[in-house]
Amino acid sequence: MINTQSSADEYRRLLGDTRRLYADAARRVLREHPELAPEGDFAALMEDLHRGLCLRVYLTICEADRRWSPAERRLATELCDHLWGERLEGATLAQAMRHASQQTARLEWPALVRPFFRLAPLRDEVPALENLVIRQTNLIGRADGLLKPAEQQASQRVLGAVRQALGCEPGEEGREHGAEPTAAPSVDLADPFRHTAPPGADEKKSPGAAPDDAAAARPIDQVLADLDRLVGLAGVKHEVRSLANYIAMQQRRAEAGLPATEISLHLVFTGAPGTGKTTVARLLGEALCTLGVLPGGQLVETDRSGLVAEYAGQTGPKTNAKVDEALGGVLFVDEAYGLVASDSEDPFGREAVQALLKRAEDDRHRLAVVLAGYPDEMHSLLGANPGLRSRFAKTIHFDDYTPLELCEIFGLLLEKFHYEVTPPARLRIAQAIAARHARRTRHFGNGREVRNLFEQAILNMANRLATIPKVTDEQLVTLEADDIPLGDAAGEAPQRVTITCGSCGHAGASSPGVLGRRVRCPKCDDAFLAQWCELAPTDA
């Protein structure tokens with residue numbers, strides 16, 4: 001017997017989670033990457049896209065079997081109440097849904113989810129978006145107790161279309177700047193419901209102005225605690241803490257009337273992709289704001305395409321405009337070695353470097369510039385320009401993650417998106433990560449590689465659940481071993497694994513059966529949960 005009230009309550013929660021995902025994404029882009037937002041009211045656009053997605057998912061599933069059950073009508077009432085604040089019933093509800101069906105049929109799936117693919121800062125939300133779509137299709141399809149073949153096929157079409165829309169096509173991966181604008185739906189999603197459009201976008205602030213929430217800056221201890229919670233990066237954490245301690249000491253000396261030594265805020269981050277450079281730069285900006293060194297602390301990301309123009313005379317103004325955007329915070333230049341091509345004179349790139357150097361010096365009291373990239377290339381860049389070497393004297397290196405640290409990152413993704421894993425799945429995750437780590441090159445994606453593995457596991461899980469007539473809440477959040485793609489790690493499961501104590505760091509060989517269970521360290525006698533493992537040397 002299906003509990004209609006329970007299904008309605010769960011659907012209402014899913015709709016609320018979907019709205020929050022789109023709204024939070026809009027706020028994040030407007031706050032941290034306003035240059036990536038399309039023209040117009042981006043917050044209102046994201047609200048419309050969220051409406052279109054919820055309507056399209058609901059109507060695609062409900063119309064598949066050409067029957068509108070009472071349970072599905074109840075969900076439609078919740079949908080109308082969520083989107084437009086009206087609990088419609090009877091003939092009014094039927095008329096509204098017919099109109100919505102005509103309107104949403106003209107919506108393209110890519111348009112409804114495109115910001116999460118086109119805008120690089122939002123790509124880490126792709127698993128959350130897919131999870132919400134999966135849960136909506138399952139709940140709607142099973143609202144009347146039985147997932148009919150037509151509804152199952154419709155569910156698979158929805159998931160396939162959304163996955164395809166969110167996937168990187170050839171040549172698109174990693175694209176961040178110059179993304180195509182995201183057009184609003186060309187349909188009337190408000191009629192025949194009463195709807196008040198969201199307020200217009202906030203007025204633009206002057207360069208260097210503090211963000212709206214700057215007054216509520218967190219204490220430095222909280223910022224550094226967030227830094228400490230990052231997986232690995234022991235050397236990086238030490239360097240950032242040392243910088244914060246140095247600044248705090250100089251401030252105390254100034255308060256005591258003693259001369260203070262000025263320190264450059266400009267840094268070089270070296271390391272492979274996916275090692276946390278952008279995340280650390282964001283926390284660094286917040287720390288500098290909290291300490292009173294920078295007025296805003298916001299992070300503005302860019303690369304060569306955001307600084308170098310195509311025509312003579314345009315690079316200087318373009319670089320200055322990007323610096324103006326970052327004033328008060330941190331300008332993060334990714335793949336900074338690309339500013340100057342090594343095999344040509346590249347006058348445009350050198351013009352960008354000179355403009356950046358001048359602004360880094362002139363605005364050193366209200367701007368921190370972080371140049372990031374591969375170690376060898378960054379060393380060559382600094383060696384080729386004495387001005388860069390003198391102004392960017394401090395280099396912080398980000399090591400590749402170990403296999404165990406990569407497993408811990410996978411665990412953070414599970415926690416963030418509310419998934420669980422079975423003990424056999426934990427072992428498969430360790431196997432898959434060990435195989436990827438063993439064959440890594442200097443271009444190894446580290447955290448990005450783990451995110452790709454996580455997303456593929458979620459897709460495999462969705463395909464598995466789509467064939468099950470009745471899916472429980474536990475199944476919706478549990479990854480099984482078969483969901484984890486092994487790739488080159490396929491073969492017999494290892495007989496021994498290495499478990500590391502989180503208290504004393506002791507590593508010892510054990511049976512894979514201890515994964516997911518509490519064990520006791522033979523060295524320090526602390527009991528801990530054996531969440532992750534590395535493959536023992538004999539199995540590597």
# chains A, B, ... in the order shown; residues from 1 in each chain; ligands from 1
>>> residues_around(residues="Glu35 (chain A)", least_positions_apart="4", cutoff="10 Å", atoms="only C-alpha atoms", output="PyMOL selection string")
chain A and resi 29-31+39+177-178+300-302+306+322+325
>>> closest_residue(among="A:His397, A:Arg304, A:Arg87, A:Arg118", to="Val236 (chain A)", atoms="only C-alpha atoms")
A:His397
>>> select_by_dssp(residues="region 354-384 of chain A", states="helix (DSSP H, G or I)", output="list of chain:residue names")
A:Gln354, A:Ala355, A:Leu356, A:Leu357, A:Lys358, A:Arg359, A:Ala360, A:Glu361, A:Asp362, A:Pro375, A:Asp376, A:Glu377, A:Met378, A:His379, A:Ser380, A:Leu381, A:Leu382, A:Gly383, A:Ala384
>>> write_last_selection(atoms="all heavy atoms", output="short mmCIF file (atom, residue, chain, number, x, y, z; two decimals), in the first residue's frame")
data_model
loop_
_atom_site.label_atom_id
_atom_site.label_comp_id
_atom_site.auth_asym_id
_atom_site.auth_seq_id
_atom_site.Cartn_x
_atom_site.Cartn_y
_atom_site.Cartn_z
N GLN A 354 53.34 42.39 -18.16
CA GLN A 354 53.80 43.70 -17.70
C GLN A 354 52.67 44.47 -17.02
O GLN A 354 52.89 45.11 -15.98
CB GLN A 354 54.36 44.50 -18.88
CG GLN A 354 55.65 43.93 -19.46
CD GLN A 354 56.73 43.75 -18.42
OE1 GLN A 354 56.97 44.61 -17.57
NE2 GLN A 354 57.41 42.60 -18.47
N ALA A 355 51.46 44.40 -17.59
CA ALA A 355 50.32 45.08 -16.98
C ALA A 355 50.01 44.47 -15.61
O ALA A 355 49.71 45.18 -14.64
CB ALA A 355 49.10 45.00 -17.90
N LEU A 356 50.09 43.13 -15.54
CA LEU A 356 49.82 42.45 -14.27
C LEU A 356 50.87 42.80 -13.22
O LEU A 356 50.55 43.03 -12.04
CB LEU A 356 49.78 40.94 -14.51
CG LEU A 356 49.37 40.05 -13.33
CD1 LEU A 356 47.95 40.39 -12.88
CD2 LEU A 356 49.46 38.58 -13.72
N LEU A 357 52.13 42.87 -13.64
CA LEU A 357 53.19 43.23 -12.70
C LEU A 357 53.00 44.64 -12.14
O LEU A 357 53.19 44.87 -10.94
CB LEU A 357 54.55 43.13 -13.40
CG LEU A 357 55.15 41.73 -13.54
CD1 LEU A 357 56.41 41.79 -14.40
CD2 LEU A 357 55.47 41.16 -12.17
N LYS A 358 52.64 45.56 -13.00
CA LYS A 358 52.46 46.94 -12.55
C LYS A 358 51.32 47.04 -11.54
O LYS A 358 51.45 47.68 -10.50
CB LYS A 358 52.17 47.85 -13.75
CG LYS A 358 52.08 49.33 -13.37
CD LYS A 358 51.88 50.20 -14.59
CE LYS A 358 51.97 51.69 -14.24
NZ LYS A 358 51.09 52.08 -13.12
N ARG A 359 50.21 46.38 -11.84
CA ARG A 359 49.08 46.44 -10.93
C ARG A 359 49.37 45.69 -9.63
O ARG A 359 48.92 46.08 -8.55
CB ARG A 359 47.83 45.86 -11.60
CG ARG A 359 47.32 46.66 -12.78
CD ARG A 359 46.92 48.09 -12.38
NE ARG A 359 45.86 48.07 -11.38
CZ ARG A 359 44.55 48.00 -11.67
NH1 ARG A 359 44.17 47.90 -12.93
NH2 ARG A 359 43.67 48.02 -10.71
N ALA A 360 50.13 44.58 -9.72
CA ALA A 360 50.49 43.84 -8.51
C ALA A 360 51.31 44.70 -7.57
O ALA A 360 51.20 44.59 -6.34
CB ALA A 360 51.25 42.57 -8.87
N GLU A 361 52.14 45.58 -8.14
CA GLU A 361 52.94 46.48 -7.32
C GLU A 361 52.13 47.68 -6.84
O GLU A 361 52.13 48.01 -5.65
CB GLU A 361 54.16 46.96 -8.13
CG GLU A 361 55.04 47.96 -7.41
CD GLU A 361 55.69 47.39 -6.16
OE1 GLU A 361 55.85 46.15 -6.09
OE2 GLU A 361 56.04 48.18 -5.26
N ASP A 362 51.40 48.31 -7.76
CA ASP A 362 50.64 49.52 -7.41
C ASP A 362 49.53 49.23 -6.41
O ASP A 362 49.22 50.07 -5.55
CB ASP A 362 50.04 50.15 -8.66
CG ASP A 362 51.10 50.69 -9.61
OD1 ASP A 362 52.28 50.80 -9.19
OD2 ASP A 362 50.77 50.98 -10.78
N PRO A 375 54.87 22.67 -11.99
CA PRO A 375 56.12 23.16 -11.41
C PRO A 375 57.17 23.58 -12.44
O PRO A 375 57.72 24.69 -12.35
CB PRO A 375 56.62 21.97 -10.57
CG PRO A 375 55.38 21.20 -10.24
CD PRO A 375 54.48 21.34 -11.44
N ASP A 376 57.49 22.72 -13.41
CA ASP A 376 58.55 23.04 -14.36
C ASP A 376 58.21 24.27 -15.18
O ASP A 376 59.07 25.16 -15.40
CB ASP A 376 58.80 21.84 -15.28
CG ASP A 376 59.41 20.66 -14.55
OD1 ASP A 376 59.91 20.86 -13.42
OD2 ASP A 376 59.37 19.54 -15.09
N GLU A 377 56.97 24.33 -15.67
CA GLU A 377 56.56 25.47 -16.50
C GLU A 377 56.57 26.77 -15.70
O GLU A 377 56.96 27.83 -16.21
CB GLU A 377 55.18 25.22 -17.09
CG GLU A 377 55.16 24.22 -18.24
CD GLU A 377 55.11 22.78 -17.76
OE1 GLU A 377 55.41 22.53 -16.58
OE2 GLU A 377 54.76 21.90 -18.57
N MET A 378 56.14 26.71 -14.43
CA MET A 378 56.14 27.91 -13.61
C MET A 378 57.57 28.36 -13.29
O MET A 378 57.86 29.56 -13.25
CB MET A 378 55.36 27.67 -12.32
CG MET A 378 53.86 27.46 -12.52
SD MET A 378 53.06 28.85 -13.37
CE MET A 378 53.39 30.18 -12.24
N HIS A 379 58.47 27.41 -13.09
CA HIS A 379 59.87 27.75 -12.86
C HIS A 379 60.46 28.46 -14.08
O HIS A 379 61.18 29.46 -13.94
CB HIS A 379 60.68 26.48 -12.56
CG HIS A 379 62.13 26.73 -12.34
ND1 HIS A 379 62.65 27.28 -11.18
CD2 HIS A 379 63.22 26.52 -13.17
CE1 HIS A 379 63.96 27.40 -11.28
NE2 HIS A 379 64.34 26.94 -12.47
N SER A 380 60.10 27.99 -15.27
CA SER A 380 60.59 28.63 -16.50
C SER A 380 60.02 30.02 -16.64
O SER A 380 60.72 30.96 -17.05
CB SER A 380 60.22 27.77 -17.71
OG SER A 380 60.84 26.49 -17.64
N LEU A 381 58.73 30.19 -16.32
CA LEU A 381 58.10 31.49 -16.43
C LEU A 381 58.77 32.50 -15.50
O LEU A 381 59.10 33.62 -15.92
CB LEU A 381 56.61 31.38 -16.09
CG LEU A 381 55.84 32.71 -16.02
CD1 LEU A 381 55.79 33.37 -17.40
CD2 LEU A 381 54.42 32.48 -15.48
N LEU A 382 59.01 32.12 -14.26
CA LEU A 382 59.64 33.03 -13.31
C LEU A 382 61.08 33.33 -13.70
O LEU A 382 61.56 34.46 -13.52
CB LEU A 382 59.59 32.43 -11.90
CG LEU A 382 58.20 32.24 -11.30
CD1 LEU A 382 58.30 31.54 -9.94
CD2 LEU A 382 57.46 33.55 -11.17
N GLY A 383 61.76 32.34 -14.26
CA GLY A 383 63.14 32.55 -14.66
C GLY A 383 63.28 33.46 -15.86
O GLY A 383 64.31 34.13 -16.04
N ALA A 384 62.24 33.52 -16.69
CA ALA A 384 62.29 34.32 -17.90
C ALA A 384 61.96 35.79 -17.65
O ALA A 384 62.18 36.63 -18.52
CB ALA A 384 61.33 33.76 -18.95
#
>>> closest_residue(among="A:Ala25, A:Ala71, A:Leu476, A:Val126", to="Gly145 (chain A)", atoms="only C-alpha atoms")
A:Ala71
>>> closest_residue(among="A:Tyr374, A:Phe117, A:His266, A:Trp68", to="Ala393 (chain A)", atoms="only C-alpha atoms")
A:His266
>>> residues_around(residues="Gly502 (chain A)", least_positions_apart="2", cutoff="12 Å", atoms="only C-alpha atoms", output="PyMOL selection string")
chain A and resi 404-405+408+499-500+504-507+519-521+523-533
>>> closest_residue(among="A:Arg282, A:His82, A:Lys318, A:Arg142", to="Ser69 (chain A)", atoms="only C-alpha atoms")
A:Arg142
>>> atom_distance(atom1="CA of Arg448 (chain A)", atom2="CA of Pro424 (chain A)")
23.2 Å
>>> select_by_dssp(residues="region 392-436 of chain A", states="strand (DSSP E)", output="number ranges by chain")
A: 394-398, 420-421
>>> write_last_selection(atoms="C-alpha atoms", output="PDB file, in the first residue's frame")
ATOM      1  CA  LYS A 394      57.144  32.687  -2.377  1.00  0.00           C
ATOM      2  CA  THR A 395      56.220  29.360  -3.992  1.00  0.00           C
ATOM      3  CA  ILE A 396      53.911  26.797  -2.380  1.00  0.00           C
ATOM      4  CA  HIS A 397      53.956  23.325  -3.908  1.00  0.00           C
ATOM      5  CA  PHE A 398      50.930  21.014  -3.956  1.00  0.00           C
ATOM      6  CA  GLU A 420      26.477   5.283   1.627  1.00  0.00           C
ATOM      7  CA  VAL A 421      28.696   2.423   0.428  1.00  0.00           C
TER       8      VAL A 421
END
>>> residues_around(residues="Glu335 (chain A)", least_positions_apart="3", cutoff="7 Å", atoms="only C-alpha atoms", output="PyMOL selection string")
chain A and resi 303+338+372-373
>>> atom_distance(atom1="CA of Leu327 (chain A)", atom2="CA of Ala309 (chain A)")
20.6 Å
>>> residues_around(residues="Gly447 (chain A)", least_positions_apart="2", cutoff="9 Å", atoms="only C-alpha atoms", output="PyMOL selection string")
chain A and resi 273-276+401+406+409-410+445+449-452
>>> residues_around(residues="Val293 (chain A)", least_positions_apart="6", cutoff="9 Å", atoms="only C-alpha atoms", output="list of chain:residue names")
A:Ile247, A:Ala287, A:His365, A:Arg366
>>> write_last_selection(atoms="C-alpha atoms", output="mmCIF file, in the first residue's frame")
data_model
loop_
_atom_site.group_PDB
_atom_site.id
_atom_site.type_symbol
_atom_site.label_atom_id
_atom_site.label_comp_id
_atom_site.auth_asym_id
_atom_site.auth_seq_id
_atom_site.Cartn_x
_atom_site.Cartn_y
_atom_site.Cartn_z
ATOM 1 C CA ILE A 247 50.547 38.832 9.531
ATOM 2 C CA ALA A 287 41.828 34.552 5.844
ATOM 3 C CA HIS A 365 47.876 46.709 -0.297
ATOM 4 C CA ARG A 366 44.477 45.638 -1.643
#
>>> closest_residue(among="A:Ile433, A:Ala466, A:Ile140, A:Leu227", to="Glu63 (chain A)", atoms="only C-alpha atoms")
A:Ile140
>>> closest_residue(among="A:Ala76, A:Lys416, A:His238, A:Glu108", to="Gln95 (chain A)", atoms="only C-alpha atoms")
A:Ala76
